[in-house]
Amino acid sequence: MASTATPAACSEPVNASVCTEPAACPETVALPCASLPPAGWLRVDAMDLEAQGVARRADGKVVFIDGALPTEWVSAQTRRSKNQWEQADLSAIHRESALRVQPRCPHFGLHAGACGGCKMQHLDAAAQVAVKQRVLEDNLWHLAKVRPDSILPAIAGPAWGYRYRARLSVRYVHKKGQVLIGFHERKSRYVADMRVCPVLPPHVSALLLPLRELFGSMDARETCPQIELAVGDAVTALVLRHLHPLSEADCARLRAFAQSHSSAEAPIQWWLQPKGPDTAHLLDAGAGQPCLDYALSEFGLRMPFRPTDFTQVNPHINRVLVGRAVRLLAPQAHERVIDWFCGLGNFTLPLATRAREVLGIEGSASLVARAQDNWAENQRQRGGLAPTRFEVRNLFEITPQQLCADGLADKWLVDPPREGAFALIKALADWQQAQGGHGGQEGQGGLEGAPQAATLGTTDWRPPQRIVYVSCNPATLARDAGLLVHQAGYRCAAAGVVNMFAHTAHVESMAVFERADAS
């Protein structure tokens, strides 16, 4: 169903989409009964990580086709050709896949000016999840020679109205005499002419046209390049990036907009960001402002955050993801747990409802401060949280000695950014190799430059018995899984996908690693 083959020399991500206007759609005709297809017809056998259909010509050359789906017979117009592969645009569908569906968004498609925010709206939602699961398994095997002992059921949720975080570009177009607000056009730096967006919460989608009118009336319409959206359980925050100080008249316009479009259930807050994310502040700070936060109800927790803090895009999936991660890690009341890349405590605080002690480690000082505040506030409100310590540390530079200095931990939760957790996992593998490599797979040599046991300065440290790894990049997960399995003495007990971004090619996943020598 899926393939990890991609044009290695292609520097730009390619969107796969189908236009929604019948007059502009590729023609669909019946496949003739002849034993061989007509010249130029291609059978699509797979879909790659960029949501392109993958076909092969008679000579074996791979063709990546925007808008084509597996099992379809199509014709395509080549737009880029190399010795081993081509990139092409869909020009006709001769036999349509049973999994092809009508895209809900009028701005999705192959037509000029189409929005580039989604890549898979033309594919059935359940089939999207299957494609992503195959991508995960292919990456683990082809990049790391790792096969999970079992496949976790996919985590999937609402396919529409789920995107509670978004960065919307703002552009004043002189030729049109109007402001455009939205995502970029597919394969373009221009802003799409969006009037609705079905993946945004309905109340936010309904703001797109009023926002265009608002910015068209502002003095600063040419110096406000973006709006960052952050929706909490009870507040919608709009962070306006502005290059020059706003006039009093513009501030008054923002206040009037918030007042006229807020409701008791969904108040709107304007935040102003003159420079970097740390400069973001409420337009009107003061007592009585509602708190931007989200609930983790399974654990009785509330998580306040600033709109520029990292939080998951999809709160519905996040709640299920956190619950599953904690159940898979299964921290016991006598155990100590480390949460690596802990952020504002999204996993740390739930772990603190189960474990004896938790250590959260994060590279961002501002997120660590938020995590400490969140722990203290939840302890005050509900009580029962385990002693929890947070540290700021560069997790892209870590040594076995630092692992030992952090003390024994029974279990780890690892939730890195797209770059993965290579330095952390390599330090763990180096420690294992310094002990003689026990627990690794046969035939695997030691890591180059791994320290000797005598240099580690400790003899009583031991690695965690279980690691739950939450990933937003299957390639870096595979790389790190290869180290864990082949060098650090673990087996991959389970893995599965998390469809955090429906209709996009983003593949989120989680994997469970157990010590290979565990009884």
# chains A, B, ... in the order shown; residues from 1 in each chain; ligands from 1
>>> select_by_dssp(residues="segment 21-122 of chain A", states="strand (DSSP E or B)", output="number ranges by chain")
A: 27-28, 42-47, 52-56, 62-66, 73-81, 85-95, 100, 115
>>> residues_around(residues="Gly67 of chain A", least_positions_apart="3", cutoff="12 Å", atoms="only C-alpha atoms", output="PyMOL selection string")
chain A and resi 14-20+25-26+44+47-48+50-54+64+70+72+74-77+87-93+96-97+100-101+103+108-111+118-123
>>> closest_residue(among="A:Thr399, A:Gln259, A:Asn139, A:Gln128", to="Ala475 of chain A", atoms="only C-alpha atoms")
A:Asn139
>>> closest_residue(among="A:Ala125, A:Leu99, A:Met194, A:Ala252", to="Ser217 of chain A", atoms="only C-alpha atoms")
A:Ala252
>>> closest_residue(among="A:Arg327, A:Arg479, A:Arg319, A:Arg356", to="Leu296 of chain A", atoms="only C-alpha atoms")
A:Arg319
>>> atom_distance(atom1="atom CA of Arg336 of chain A", atom2="atom CA of Val468 of chain A")
14.4 Å
>>> atom_distance(atom1="atom CA of Phe396 of chain A", atom2="atom CA of Phe422 of chain A")
7.4 Å
>>> residues_around(residues="segment 492-503 of chain A", least_positions_apart="5", cutoff="7 Å", atoms="only C-alpha atoms", output="PyMOL selection string")
chain A and resi 118-121+129+132-133+147-156+159+314+317+485+508-514
>>> write_last_selection(atoms="C-alpha atoms", output="PDB file, in the first residue's frame")
ATOM      1  CA  CYS A 118      -3.267  18.961   3.116  1.00  0.00           C
ATOM      2  CA  LYS A 119      -2.006  16.186   0.850  1.00  0.00           C
ATOM      3  CA  MET A 120      -4.422  13.276   1.307  1.00  0.00           C
ATOM      4  CA  GLN A 121      -7.994  14.568   1.331  1.00  0.00           C
ATOM      5  CA  VAL A 129      -3.758   5.508   8.475  1.00  0.00           C
ATOM      6  CA  LYS A 132       1.258   5.661   7.434  1.00  0.00           C
ATOM      7  CA  GLN A 133       1.479   2.332   9.267  1.00  0.00           C
ATOM      8  CA  ARG A 147      10.757  -5.659  13.212  1.00  0.00           C
ATOM      9  CA  PRO A 148       8.425  -5.005  16.165  1.00  0.00           C
ATOM     10  CA  ASP A 149       7.216  -8.095  18.011  1.00  0.00           C
ATOM     11  CA  SER A 150       3.680  -6.729  17.661  1.00  0.00           C
ATOM     12  CA  ILE A 151       1.878  -3.873  15.932  1.00  0.00           C
ATOM     13  CA  LEU A 152      -0.071  -1.470  18.112  1.00  0.00           C
ATOM     14  CA  PRO A 153      -3.578  -0.493  16.953  1.00  0.00           C
ATOM     15  CA  ALA A 154      -3.377   2.860  15.224  1.00  0.00           C
ATOM     16  CA  ILE A 155      -4.475   5.911  17.188  1.00  0.00           C
ATOM     17  CA  ALA A 156      -6.870   7.905  15.019  1.00  0.00           C
ATOM     18  CA  ALA A 159     -10.502  13.874  10.635  1.00  0.00           C
ATOM     19  CA  ASN A 314      -4.509  17.707  17.851  1.00  0.00           C
ATOM     20  CA  ILE A 317      -5.267  12.514  19.718  1.00  0.00           C
ATOM     21  CA  VAL A 485      18.206  -3.082  19.198  1.00  0.00           C
ATOM     22  CA  GLU A 508       3.643  10.223  14.110  1.00  0.00           C
ATOM     23  CA  SER A 509       4.262   6.964  15.931  1.00  0.00           C
ATOM     24  CA  MET A 510       5.237   5.284  19.163  1.00  0.00           C
ATOM     25  CA  ALA A 511       7.400   2.282  19.927  1.00  0.00           C
ATOM     26  CA  VAL A 512       8.104   0.196  23.013  1.00  0.00           C
ATOM     27  CA  PHE A 513      11.576  -1.191  23.737  1.00  0.00           C
ATOM     28  CA  GLU A 514      12.297  -3.829  26.383  1.00  0.00           C
TER      29      GLU A 514
END
